file upload.csv (CSV, C-alpha atoms)
chain,number,residue,atom,x,y,z
A,1,MET,CA,0.0,0.0,0.0
A,2,ALA,CA,1.4,3.4,-1.0
A,3,HIS,CA,0.4,6.8,0.4
A,4,ILE,CA,-0.5,9.0,-2.6
A,5,LEU,CA,-1.2,12.7,-2.6
A,6,LEU,CA,-3.4,14.1,-5.4
A,7,VAL,CA,-3.2,17.8,-6.2
A,8,ASP,CA,-6.2,18.8,-8.3
A,9,ASP,CA,-8.7,21.6,-8.0
A,10,ASP,CA,-11.6,19.7,-9.5
A,11,ASP,CA,-13.4,17.9,-6.7
A,12,ILE,CA,-15.2,15.5,-8.9
A,13,ILE,CA,-12.0,14.3,-10.6
A,14,ALA,CA,-10.1,14.2,-7.3
A,15,ASP,CA,-12.9,12.2,-5.6
A,16,HIS,CA,-12.9,9.7,-8.5
A,17,VAL,CA,-9.1,9.3,-8.7
A,18,ALA,CA,-8.9,8.9,-4.9
A,19,GLN,CA,-11.6,6.2,-5.0
A,20,VAL,CA,-10.0,4.3,-7.8
A,21,LEU,CA,-6.6,4.3,-6.0
A,22,ILE,CA,-8.2,3.3,-2.7
A,23,ASP,CA,-10.0,0.4,-4.4
A,24,ALA,CA,-6.6,-0.6,-5.8
A,25,GLY,CA,-5.3,-0.8,-2.2
A,26,HIS,CA,-3.5,2.5,-1.8
A,27,ALA,CA,-4.1,5.3,0.7
A,28,CYS,CA,-5.0,8.5,-1.2
A,29,GLY,CA,-5.9,12.0,-0.1
A,30,TRP,CA,-6.1,15.2,-2.1
A,31,VAL,CA,-5.6,19.0,-1.9
A,32,SER,CA,-6.7,21.6,-4.3
A,33,ASP,CA,-3.6,23.9,-4.6
A,34,THR,CA,0.2,23.9,-4.4
A,35,LYS,CA,0.4,25.7,-1.1
A,36,ALA,CA,-1.7,23.0,0.6
A,37,ALA,CA,0.3,20.4,-1.2
A,38,LEU,CA,3.6,21.7,0.1
A,39,LYS,CA,2.2,21.7,3.6
A,40,VAL,CA,1.1,18.1,3.4
A,41,ILE,CA,4.3,17.0,1.7
A,42,SER,CA,6.4,18.7,4.4
A,43,GLN,CA,4.4,17.2,7.2
A,44,ARG,CA,4.3,13.6,5.8
A,45,LYS,CA,6.2,12.8,2.7
A,46,PRO,CA,3.9,10.7,0.5
A,47,ASP,CA,5.1,7.8,-1.6
A,48,LEU,CA,3.8,9.5,-4.8
A,49,VAL,CA,2.3,12.8,-5.9
A,50,LEU,CA,-0.3,13.0,-8.7
A,51,LEU,CA,-0.2,16.5,-9.9
A,52,ASP,CA,-2.5,18.6,-12.1
A,53,HIS,CA,-0.9,21.3,-14.2
A,54,ALA,CA,-3.7,23.9,-14.1
A,55,LEU,CA,-4.1,24.9,-10.5
A,56,PRO,CA,-5.1,28.2,-8.8
A,57,GLY,CA,-2.0,30.3,-8.0
A,58,GLU,CA,1.2,28.4,-8.8
A,59,ASN,CA,0.8,25.8,-11.5
A,60,GLY,CA,1.7,22.1,-11.1
A,61,THR,CA,4.9,22.3,-13.2
A,62,ALA,CA,6.2,25.1,-11.0
A,63,LEU,CA,5.6,23.0,-7.9
A,64,LEU,CA,7.3,20.1,-9.6
A,65,ARG,CA,10.4,22.3,-10.2
A,66,ARG,CA,10.4,23.4,-6.6
A,67,LEU,CA,10.3,19.8,-5.4
A,68,ARG,CA,13.1,18.8,-7.8
A,69,THR,CA,15.4,21.6,-6.4
A,70,SER,CA,14.6,20.8,-2.8
A,71,PRO,CA,17.2,18.9,-0.8
A,72,GLU,CA,14.4,17.0,1.0
A,73,PHE,CA,12.0,16.3,-1.8
A,74,TYR,CA,14.2,16.0,-4.9
A,75,ASP,CA,13.5,12.3,-5.4
A,76,LEU,CA,9.7,12.3,-4.5
A,77,PRO,CA,8.0,10.5,-7.4
A,78,VAL,CA,5.6,12.8,-9.3
A,79,VAL,CA,3.1,11.9,-12.0
A,80,MET,CA,1.4,14.6,-13.9
A,81,LEU,CA,-2.3,14.0,-14.2
A,82,THR,CA,-3.7,16.8,-16.3
A,83,SER,CA,-6.0,17.9,-19.1
A,84,ALA,CA,-3.1,19.7,-20.8
A,85,THR,CA,-3.0,17.8,-24.0
A,86,GLY,CA,-0.1,19.5,-25.8
A,87,PHE,CA,3.1,17.6,-26.6
A,88,LYS,CA,5.1,20.6,-25.4
A,89,GLU,CA,3.4,20.5,-21.9
A,90,GLU,CA,4.3,16.9,-21.6
A,91,GLN,CA,7.9,17.5,-22.7
A,92,ILE,CA,8.2,20.3,-20.1
A,93,ALA,CA,6.8,18.1,-17.3
A,94,LEU,CA,9.1,15.2,-18.1
A,95,TYR,CA,12.1,17.5,-18.5
A,96,SER,CA,11.2,19.1,-15.1
A,97,GLY,CA,11.4,15.7,-13.5
A,98,ALA,CA,8.0,14.0,-13.7
A,99,GLN,CA,8.1,10.2,-13.8
A,100,ASP,CA,5.0,9.9,-16.0
A,101,TYR,CA,2.4,12.1,-17.7
A,102,ILE,CA,-1.2,11.0,-17.8
A,103,ARG,CA,-3.8,12.9,-19.7
A,104,LYS,CA,-7.4,13.4,-18.6
A,105,PRO,CA,-9.8,11.8,-19.4
A,106,PHE,CA,-8.2,8.5,-18.3
A,107,GLY,CA,-9.3,4.9,-17.7
A,108,ALA,CA,-9.3,3.6,-14.1
A,109,ARG,CA,-7.3,0.5,-14.9
A,110,MET,CA,-4.8,2.5,-16.9
A,111,LEU,CA,-4.4,4.9,-14.0
A,112,VAL,CA,-3.8,2.1,-11.5
A,113,PHE,CA,-1.3,0.4,-13.8
A,114,ARG,CA,0.7,3.5,-14.5
A,115,VAL,CA,0.8,4.5,-10.8
A,116,ASN,CA,1.9,1.0,-9.8
A,117,GLN,CA,4.6,1.1,-12.5
A,118,VAL,CA,6.1,4.3,-11.0
A,119,LEU,CA,5.9,2.8,-7.5
A,120,LYS,CA,7.4,-0.5,-8.7
A,121,ALA,CA,10.3,1.4,-10.3
A,122,ARG,CA,10.9,3.2,-7.1
A,123,ALA,CA,10.6,0.2,-4.7
A,124,HIS,CA,14.3,-0.8,-4.7
A,125,LYS,CA,15.5,2.7,-3.9
A,126,PRO,CA,15.9,4.0,-0.3
A,127,SER,CA,13.3,6.5,0.6
A,128,HIS,CA,12.9,9.6,2.8
A,129,ARG,CA,16.6,10.6,2.8
A,130,THR,CA,17.9,14.1,2.1
A,131,ILE,CA,20.6,14.8,-0.5
A,132,GLY,CA,23.0,15.4,2.5
A,133,GLN,CA,22.2,12.0,3.9
A,134,ARG,CA,22.7,10.3,0.5
A,135,VAL,CA,26.1,11.8,0.1
A,136,GLY,CA,27.1,11.4,3.7
A,137,ALA,CA,27.3,15.1,4.7
A,138,GLU,CA,24.4,14.7,7.2
A,139,PRO,CA,23.9,11.9,9.7
A,140,ASP,CA,21.3,9.2,8.6
A,141,GLU,CA,19.5,7.9,11.7
A,142,ARG,CA,19.0,4.6,10.0
A,143,GLN,CA,22.8,4.1,9.7
A,144,ALA,CA,23.5,5.6,13.2
A,145,MET,CA,22.2,2.5,15.0
A,146,PRO,CA,25.1,0.4,16.4
A,147,ARG,CA,25.6,-2.9,14.6
A,148,MET,CA,25.7,-6.1,16.5
A,149,ARG,CA,28.9,-8.1,16.3
A,150,MET,CA,28.7,-11.8,16.2
A,151,ILE,CA,31.2,-13.6,18.5
call {"tool": "encode", "arguments": {"input": "upload.csv", "output": "structure tokens"}}
result
Amino acid sequence: MAHILLVDDDDIIADHVAQVLIDAGHACGWVSDTKAALKVISQRKPDLVLLDHALPGENGTALLRRLRTSPEFYDLPVVMLTSATGFKEEQIALYSGAQDYIRKPFGARMLVFRVNQVLKARAHKPSHRTIGQRVGAEPDERQAMPRMRMI
């Protein structure tokens, strides 16, 4: 089970996506703007973010860029889930660091499949570590525990 955050200002679509993902065995919640998304992400880092492009205030691609330049959230998996249909928008999102780009309208089975593919690709990588922890500049609590020695 993955914890998924959906960022979409359309309540009908957000409710539908959340229900599809919950039915697939994931935990899913949603917020309607990037400010609320950053608050949730900071308080509890989700396993995946589904992000719409057209949001009130800051757009989804701008949030994606902020996440990618953040020492704490640079590796957070993000899938764009948007009605922006242009090839240029898709290229910009993927170049900015999105793992996938799903266009609305979408099929429920296809959504679950693509989300699971991103989660599966991420499964072997360590999670919830800052850049400093990854390069050894900051202590990593998981590695700070003393190792038992066999005698």
call {"tool": "atom_distance", "arguments": {"input": "upload.csv", "atom1": "atom CA of Met80 of chain A", "atom2": "atom CA of Gly60 of chain A"}}
result
8.0 Å
call {"tool": "residues_around", "arguments": {"input": "upload.csv", "residues": "segment 2-16 of chain A", "least_positions_apart": "3", "cutoff": "7 Å", "atoms": "all atoms listed in the file", "output": "list in words"}}
result
Gln19, Val20, His26, Ala27, Cys28, Gly29, Trp30, Val31, Ser32, Asp33, Ala37, Pro46, Asp47, Leu48, Val49, Leu50, Leu51, Asp52 and Leu55 of chain A
call {"tool": "closest_residue", "arguments": {"input": "upload.csv", "among": "A:Ala36, A:Val78, A:Gln43, A:Glu58", "to": "Tyr101 of chain A", "atoms": "all atoms listed in the file"}}
result
A:Val78
call {"tool": "atom_distance", "arguments": {"input": "upload.csv", "atom1": "atom CA of Arg109 of chain A", "atom2": "atom CA of Pro77 of chain A"}}
result
19.8 Å
call {"tool": "residues_around", "arguments": {"input": "upload.csv", "residues": "Leu76 of chain A", "least_positions_apart": "5", "cutoff": "10 Å", "atoms": "only C-alpha atoms", "output": "CSV table (one decimal) with C-alpha atoms, in the coordinates of the input"}}
result
chain,number,residue,atom,x,y,z
A,41,ILE,CA,4.3,17.0,1.7
A,45,LYS,CA,6.2,12.8,2.7
A,46,PRO,CA,3.9,10.7,0.5
A,47,ASP,CA,5.1,7.8,-1.6
A,48,LEU,CA,3.8,9.5,-4.8
A,49,VAL,CA,2.3,12.8,-5.9
A,64,LEU,CA,7.3,20.1,-9.6
A,67,LEU,CA,10.3,19.8,-5.4
A,68,ARG,CA,13.1,18.8,-7.8
A,70,SER,CA,14.6,20.8,-2.8
A,97,GLY,CA,11.4,15.7,-13.5
A,98,ALA,CA,8.0,14.0,-13.7
A,99,GLN,CA,8.1,10.2,-13.8
A,122,ARG,CA,10.9,3.2,-7.1
A,127,SER,CA,13.3,6.5,0.6
A,128,HIS,CA,12.9,9.6,2.8
call {"tool": "closest_residue", "arguments": {"input": "upload.csv", "among": "A:Lys104, A:Lys120, A:Lys35, A:Ala54", "to": "Ser83 of chain A", "atoms": "only C-alpha atoms"}}
result
A:Lys104
call {"tool": "atom_distance", "arguments": {"input": "upload.csv", "atom1": "atom CA of Thr34 of chain A", "atom2": "atom CA of His124 of chain A"}}
result
28.4 Å
call {"tool": "closest_residue", "arguments": {"input": "upload.csv", "among": "A:Leu81, A:Val135, A:Leu94, A:Leu119", "to": "Arg65 of chain A", "atoms": "only C-alpha atoms"}}
result
A:Leu94
call {"tool": "closest_residue", "arguments": {"input": "upload.csv", "among": "A:Lys39, A:Arg66, A:Arg114, A:Arg103", "to": "Gly86 of chain A", "atoms": "all atoms listed in the file"}}
result
A:Arg103
call {"tool": "closest_residue", "arguments": {"input": "upload.csv", "among": "A:Tyr74, A:Ile102, A:Val118, A:Ala123", "to": "Phe87 of chain A", "atoms": "only C-alpha atoms"}}
result
A:Ile102
call {"tool": "decode", "arguments": {"input": "upload.csv", "residues": "segment 20-53 of chain A", "atoms": "N, CA and C atoms", "output": "short mmCIF file (atom, residue, chain, number, x, y, z; two decimals), in the first residue's frame"}}
result
data_model
loop_
_atom_site.label_atom_id
_atom_site.label_comp_id
_atom_site.auth_asym_id
_atom_site.auth_seq_id
_atom_site.Cartn_x
_atom_site.Cartn_y
_atom_site.Cartn_z
N VAL A 20 -10.60 5.35 -7.00
CA VAL A 20 -9.95 4.33 -7.84
C VAL A 20 -8.69 3.81 -7.16
N LEU A 21 -7.89 4.70 -6.61
CA LEU A 21 -6.64 4.29 -5.97
C LEU A 21 -6.88 3.57 -4.64
N ILE A 22 -7.88 4.00 -3.91
CA ILE A 22 -8.24 3.31 -2.66
C ILE A 22 -8.73 1.90 -2.97
N ASP A 23 -9.56 1.78 -4.00
CA ASP A 23 -10.04 0.45 -4.41
C ASP A 23 -8.89 -0.46 -4.85
N ALA A 24 -7.80 0.15 -5.33
CA ALA A 24 -6.63 -0.62 -5.76
C ALA A 24 -5.70 -0.95 -4.60
N GLY A 25 -6.05 -0.50 -3.39
CA GLY A 25 -5.27 -0.85 -2.21
C GLY A 25 -4.33 0.22 -1.70
N HIS A 26 -4.41 1.43 -2.24
CA HIS A 26 -3.54 2.51 -1.80
C HIS A 26 -4.31 3.45 -0.87
N ALA A 27 -3.57 4.22 -0.09
CA ALA A 27 -4.14 5.30 0.69
C ALA A 27 -4.00 6.56 -0.15
N CYS A 28 -5.06 7.32 -0.28
CA CYS A 28 -5.02 8.50 -1.15
C CYS A 28 -5.82 9.64 -0.54
N GLY A 29 -5.23 10.81 -0.54
CA GLY A 29 -5.91 12.02 -0.13
C GLY A 29 -5.63 13.09 -1.16
N TRP A 30 -6.37 14.19 -1.08
CA TRP A 30 -6.12 15.24 -2.06
C TRP A 30 -6.24 16.62 -1.47
N VAL A 31 -5.56 17.55 -2.14
CA VAL A 31 -5.62 18.98 -1.85
C VAL A 31 -5.85 19.69 -3.17
N SER A 32 -6.25 20.95 -3.10
CA SER A 32 -6.66 21.64 -4.33
C SER A 32 -5.69 22.71 -4.81
N ASP A 33 -4.57 22.93 -4.11
CA ASP A 33 -3.61 23.92 -4.60
C ASP A 33 -2.20 23.57 -4.14
N THR A 34 -1.23 24.24 -4.71
CA THR A 34 0.17 23.90 -4.44
C THR A 34 0.61 24.29 -3.03
N LYS A 35 0.02 25.34 -2.49
CA LYS A 35 0.37 25.74 -1.13
C LYS A 35 -0.02 24.64 -0.13
N ALA A 36 -1.23 24.13 -0.25
CA ALA A 36 -1.67 23.04 0.61
C ALA A 36 -0.85 21.78 0.35
N ALA A 37 -0.48 21.55 -0.90
CA ALA A 37 0.31 20.37 -1.24
C ALA A 37 1.67 20.42 -0.54
N LEU A 38 2.34 21.57 -0.57
CA LEU A 38 3.64 21.70 0.09
C LEU A 38 3.52 21.47 1.59
N LYS A 39 2.43 21.94 2.18
CA LYS A 39 2.22 21.74 3.61
C LYS A 39 2.09 20.25 3.94
N VAL A 40 1.28 19.54 3.15
CA VAL A 40 1.09 18.10 3.38
C VAL A 40 2.39 17.35 3.13
N ILE A 41 3.06 17.66 2.04
CA ILE A 41 4.32 16.99 1.70
C ILE A 41 5.36 17.20 2.80
N SER A 42 5.42 18.40 3.35
CA SER A 42 6.39 18.69 4.41
C SER A 42 6.07 17.95 5.70
N GLN A 43 4.79 17.81 6.00
CA GLN A 43 4.39 17.15 7.25
C GLN A 43 4.52 15.64 7.17
N ARG A 44 4.16 15.10 6.03
CA ARG A 44 4.25 13.64 5.85
C ARG A 44 4.54 13.36 4.38
N LYS A 45 5.75 13.01 4.10
CA LYS A 45 6.17 12.78 2.72
C LYS A 45 5.42 11.59 2.15
N PRO A 46 4.62 11.81 1.10
CA PRO A 46 3.90 10.68 0.49
C PRO A 46 4.86 9.83 -0.35
N ASP A 47 4.36 8.68 -0.77
CA ASP A 47 5.15 7.81 -1.64
C ASP A 47 5.09 8.26 -3.10
N LEU A 48 4.04 9.02 -3.43
CA LEU A 48 3.83 9.47 -4.81
C LEU A 48 2.90 10.68 -4.79
N VAL A 49 3.15 11.60 -5.71
CA VAL A 49 2.27 12.76 -5.88
C VAL A 49 1.70 12.71 -7.30
N LEU A 50 0.38 12.79 -7.40
CA LEU A 50 -0.31 12.96 -8.69
C LEU A 50 -0.63 14.44 -8.78
N LEU A 51 -0.16 15.09 -9.83
CA LEU A 51 -0.17 16.55 -9.88
C LEU A 51 -0.81 17.07 -11.16
N ASP A 52 -1.83 17.90 -10.99
CA ASP A 52 -2.45 18.57 -12.13
C ASP A 52 -1.60 19.77 -12.51
N HIS A 53 -1.65 20.15 -13.76
CA HIS A 53 -0.89 21.33 -14.21
C HIS A 53 -1.65 22.62 -13.89
#
